[in-house]
Amino acid sequence: MKIVVTIVGKDRVGIIAMVSSVLAENGVNILNINQNIMDGFFNMVMIVEMNDQSKIKLADLQKTLKEKGEELGLEIKAQHQAIFDVTHNV
């Protein structure tokens with residue numbers, strides 16, 4: 001299943017490394033990354049894929065990323081792509 005991970009917050013060293021590490025440690029594959037930094041604020045959207053080889057369930061991934069994000073002053077959300085599409089469709 002495809003998951004949309006969004007990261008927003010003040011830019012600092014190590015954001016991408018932290019998120020990528022959590023994903024790699026749990027067998028979640030990164031398919032696409034789009035990021036930008038504007039006036040010191042970091043914004044990134046990742047499309048990742050969880051499958052049978054993934055070592056984590058979506059609810060646990062959401063909790064882990066949220067907690068790690070809070071440690072760095074970031075808001076990190078992970079949503080199933082279908083839910084993301086519905087909530088962001090204009």
# chains A, B, ... in the order shown; residues from 1 in each chain; ligands from 1

call {"tool": "residues_around", "arguments": {"residues": "Ile15 (chain A)", "least_positions_apart": "3", "cutoff": "10 Å", "atoms": "only C-alpha atoms", "output": "PyMOL selection string"}}
result
chain A and resi 7+9-12+18-21+42+44+68-69+72+74

call {"tool": "residues_around", "arguments": {"residues": "Met46 (chain A)", "least_positions_apart": "6", "cutoff": "9 Å", "atoms": "only C-alpha atoms", "output": "tab-separated table (two decimals) with C-alpha atoms, in the first residue's frame"}}
result
chain	number	residue	atom	x	y	z
A	3	ILE	CA	1.49	5.99	2.12
A	4	VAL	CA	1.85	9.79	1.96
A	5	VAL	CA	4.23	11.18	4.58
A	6	THR	CA	4.18	14.94	5.12
A	7	ILE	CA	6.76	16.82	7.17
A	30	ILE	CA	10.64	5.44	-0.47
A	31	LEU	CA	9.15	5.89	-3.94
A	32	ASN	CA	9.22	9.68	-4.31
A	33	ILE	CA	10.35	12.74	-2.38
A	34	ASN	CA	9.47	16.38	-2.95
A	35	GLN	CA	10.87	18.98	-0.57

call {"tool": "residues_around", "arguments": {"residues": "Gln79 (chain A)", "least_positions_apart": "6", "cutoff": "12 Å", "atoms": "only C-alpha atoms", "output": "number ranges by chain"}}
result
A: 1-7, 45-50, 57-63, 65-66, 85-88

call {"tool": "write_last_selection", "arguments": {"atoms": "N, CA and C atoms", "output": "PDB file, in the first residue's frame"}}
result
ATOM      1  N   MET A   1       0.834  -1.174   0.000  1.00  0.00           N
ATOM      2  CA  MET A   1       0.000   0.000   0.000  1.00  0.00           C
ATOM      3  C   MET A   1       0.882   1.242   0.000  1.00  0.00           C
ATOM      4  N   LYS A   2       0.405   2.265  -0.678  1.00  0.00           N
ATOM      5  CA  LYS A   2       1.153   3.522  -0.726  1.00  0.00           C
ATOM      6  C   LYS A   2       0.700   4.434   0.396  1.00  0.00           C
ATOM      7  N   ILE A   3       1.700   5.099   1.001  1.00  0.00           N
ATOM      8  CA  ILE A   3       1.486   5.994   2.125  1.00  0.00           C
ATOM      9  C   ILE A   3       2.068   7.359   1.770  1.00  0.00           C
ATOM     10  N   VAL A   4       1.359   8.428   2.137  1.00  0.00           N
ATOM     11  CA  VAL A   4       1.854   9.786   1.955  1.00  0.00           C
ATOM     12  C   VAL A   4       2.349  10.274   3.314  1.00  0.00           C
ATOM     13  N   VAL A   5       3.625  10.644   3.362  1.00  0.00           N
ATOM     14  CA  VAL A   5       4.230  11.177   4.585  1.00  0.00           C
ATOM     15  C   VAL A   5       4.485  12.657   4.345  1.00  0.00           C
ATOM     16  N   THR A   6       3.955  13.504   5.233  1.00  0.00           N
ATOM     17  CA  THR A   6       4.179  14.938   5.121  1.00  0.00           C
ATOM     18  C   THR A   6       4.943  15.419   6.350  1.00  0.00           C
ATOM     19  N   ILE A   7       5.924  16.282   6.106  1.00  0.00           N
ATOM     20  CA  ILE A   7       6.763  16.821   7.171  1.00  0.00           C
ATOM     21  C   ILE A   7       6.789  18.336   7.020  1.00  0.00           C
ATOM     22  N   VAL A  45       7.086  16.156   1.171  1.00  0.00           N
ATOM     23  CA  VAL A  45       6.074  15.129   0.949  1.00  0.00           C
ATOM     24  C   VAL A  45       6.791  13.921   0.372  1.00  0.00           C
ATOM     25  N   MET A  46       6.545  12.784   0.987  1.00  0.00           N
ATOM     26  CA  MET A  46       7.140  11.526   0.517  1.00  0.00           C
ATOM     27  C   MET A  46       6.015  10.558   0.171  1.00  0.00           C
ATOM     28  N   ILE A  47       6.189   9.836  -0.903  1.00  0.00           N
ATOM     29  CA  ILE A  47       5.318   8.706  -1.205  1.00  0.00           C
ATOM     30  C   ILE A  47       6.146   7.471  -0.885  1.00  0.00           C
ATOM     31  N   VAL A  48       5.638   6.645   0.017  1.00  0.00           N
ATOM     32  CA  VAL A  48       6.353   5.439   0.418  1.00  0.00           C
ATOM     33  C   VAL A  48       5.443   4.236   0.219  1.00  0.00           C
ATOM     34  N   GLU A  49       6.058   3.072   0.220  1.00  0.00           N
ATOM     35  CA  GLU A  49       5.279   1.853   0.014  1.00  0.00           C
ATOM     36  C   GLU A  49       5.527   0.864   1.140  1.00  0.00           C
ATOM     37  N   MET A  50       4.430   0.407   1.719  1.00  0.00           N
ATOM     38  CA  MET A  50       4.492  -0.652   2.722  1.00  0.00           C
ATOM     39  C   MET A  50       3.959  -1.922   2.068  1.00  0.00           C
ATOM     40  N   LYS A  57       3.247  -1.808  11.179  1.00  0.00           N
ATOM     41  CA  LYS A  57       1.892  -1.511  10.716  1.00  0.00           C
ATOM     42  C   LYS A  57       1.745   0.003  10.583  1.00  0.00           C
ATOM     43  N   LEU A  58       0.775   0.430   9.771  1.00  0.00           N
ATOM     44  CA  LEU A  58       0.597   1.857   9.522  1.00  0.00           C
ATOM     45  C   LEU A  58       0.380   2.635  10.825  1.00  0.00           C
ATOM     46  N   ALA A  59      -0.454   2.134  11.714  1.00  0.00           N
ATOM     47  CA  ALA A  59      -0.724   2.854  12.974  1.00  0.00           C
ATOM     48  C   ALA A  59       0.552   3.041  13.794  1.00  0.00           C
ATOM     49  N   ASP A  60       1.415   2.029  13.802  1.00  0.00           N
ATOM     50  CA  ASP A  60       2.671   2.137  14.543  1.00  0.00           C
ATOM     51  C   ASP A  60       3.641   3.092  13.853  1.00  0.00           C
ATOM     52  N   LEU A  61       3.650   3.088  12.520  1.00  0.00           N
ATOM     53  CA  LEU A  61       4.494   4.028  11.778  1.00  0.00           C
ATOM     54  C   LEU A  61       4.035   5.460  12.048  1.00  0.00           C
ATOM     55  N   GLN A  62       2.729   5.684  12.040  1.00  0.00           N
ATOM     56  CA  GLN A  62       2.198   7.016  12.319  1.00  0.00           C
ATOM     57  C   GLN A  62       2.637   7.496  13.698  1.00  0.00           C
ATOM     58  N   LYS A  63       2.527   6.634  14.685  1.00  0.00           N
ATOM     59  CA  LYS A  63       2.903   6.989  16.058  1.00  0.00           C
ATOM     60  C   LYS A  63       4.395   7.281  16.153  1.00  0.00           C
ATOM     61  N   LEU A  65       6.574   8.174  13.755  1.00  0.00           N
ATOM     62  CA  LEU A  65       6.949   9.398  13.049  1.00  0.00           C
ATOM     63  C   LEU A  65       6.459  10.640  13.792  1.00  0.00           C
ATOM     64  N   LYS A  66       5.264  10.572  14.356  1.00  0.00           N
ATOM     65  CA  LYS A  66       4.749  11.714  15.116  1.00  0.00           C
ATOM     66  C   LYS A  66       5.654  12.009  16.306  1.00  0.00           C
ATOM     67  N   ASP A  85      -5.700  11.455  -0.699  1.00  0.00           N
ATOM     68  CA  ASP A  85      -6.318  11.950  -1.933  1.00  0.00           C
ATOM     69  C   ASP A  85      -7.701  12.515  -1.679  1.00  0.00           C
ATOM     70  N   VAL A  86      -8.512  11.832  -0.882  1.00  0.00           N
ATOM     71  CA  VAL A  86      -9.874  12.290  -0.604  1.00  0.00           C
ATOM     72  C   VAL A  86      -9.869  13.588   0.187  1.00  0.00           C
ATOM     73  N   THR A  87      -9.004  13.677   1.200  1.00  0.00           N
ATOM     74  CA  THR A  87      -8.998  14.867   2.054  1.00  0.00           C
ATOM     75  C   THR A  87      -8.338  16.073   1.398  1.00  0.00           C
ATOM     76  N   HIS A  88      -7.586  15.859   0.325  1.00  0.00           N
ATOM     77  CA  HIS A  88      -6.898  16.970  -0.339  1.00  0.00           C
ATOM     78  C   HIS A  88      -7.400  17.203  -1.765  1.00  0.00           C
TER      79      HIS A  88
END

call {"tool": "select_by_dssp", "arguments": {"residues": "chain A", "states": "strand (DSSP E)", "output": "ChimeraX atom specification"}}
result
/A:2-10,29-38,41-49,74-80

call {"tool": "atom_distance", "arguments": {"atom1": "CA of Glu70 (chain A)", "atom2": "CA of Leu23 (chain A)"}}
result
16.7 Å

call {"tool": "atom_distance", "arguments": {"atom1": "CA of Lys77 (chain A)", "atom2": "CA of Gly14 (chain A)"}}
result
17.4 Å

call {"tool": "atom_distance", "arguments": {"atom1": "CA of His80 (chain A)", "atom2": "CA of Asp52 (chain A)"}}
result
15.6 Å
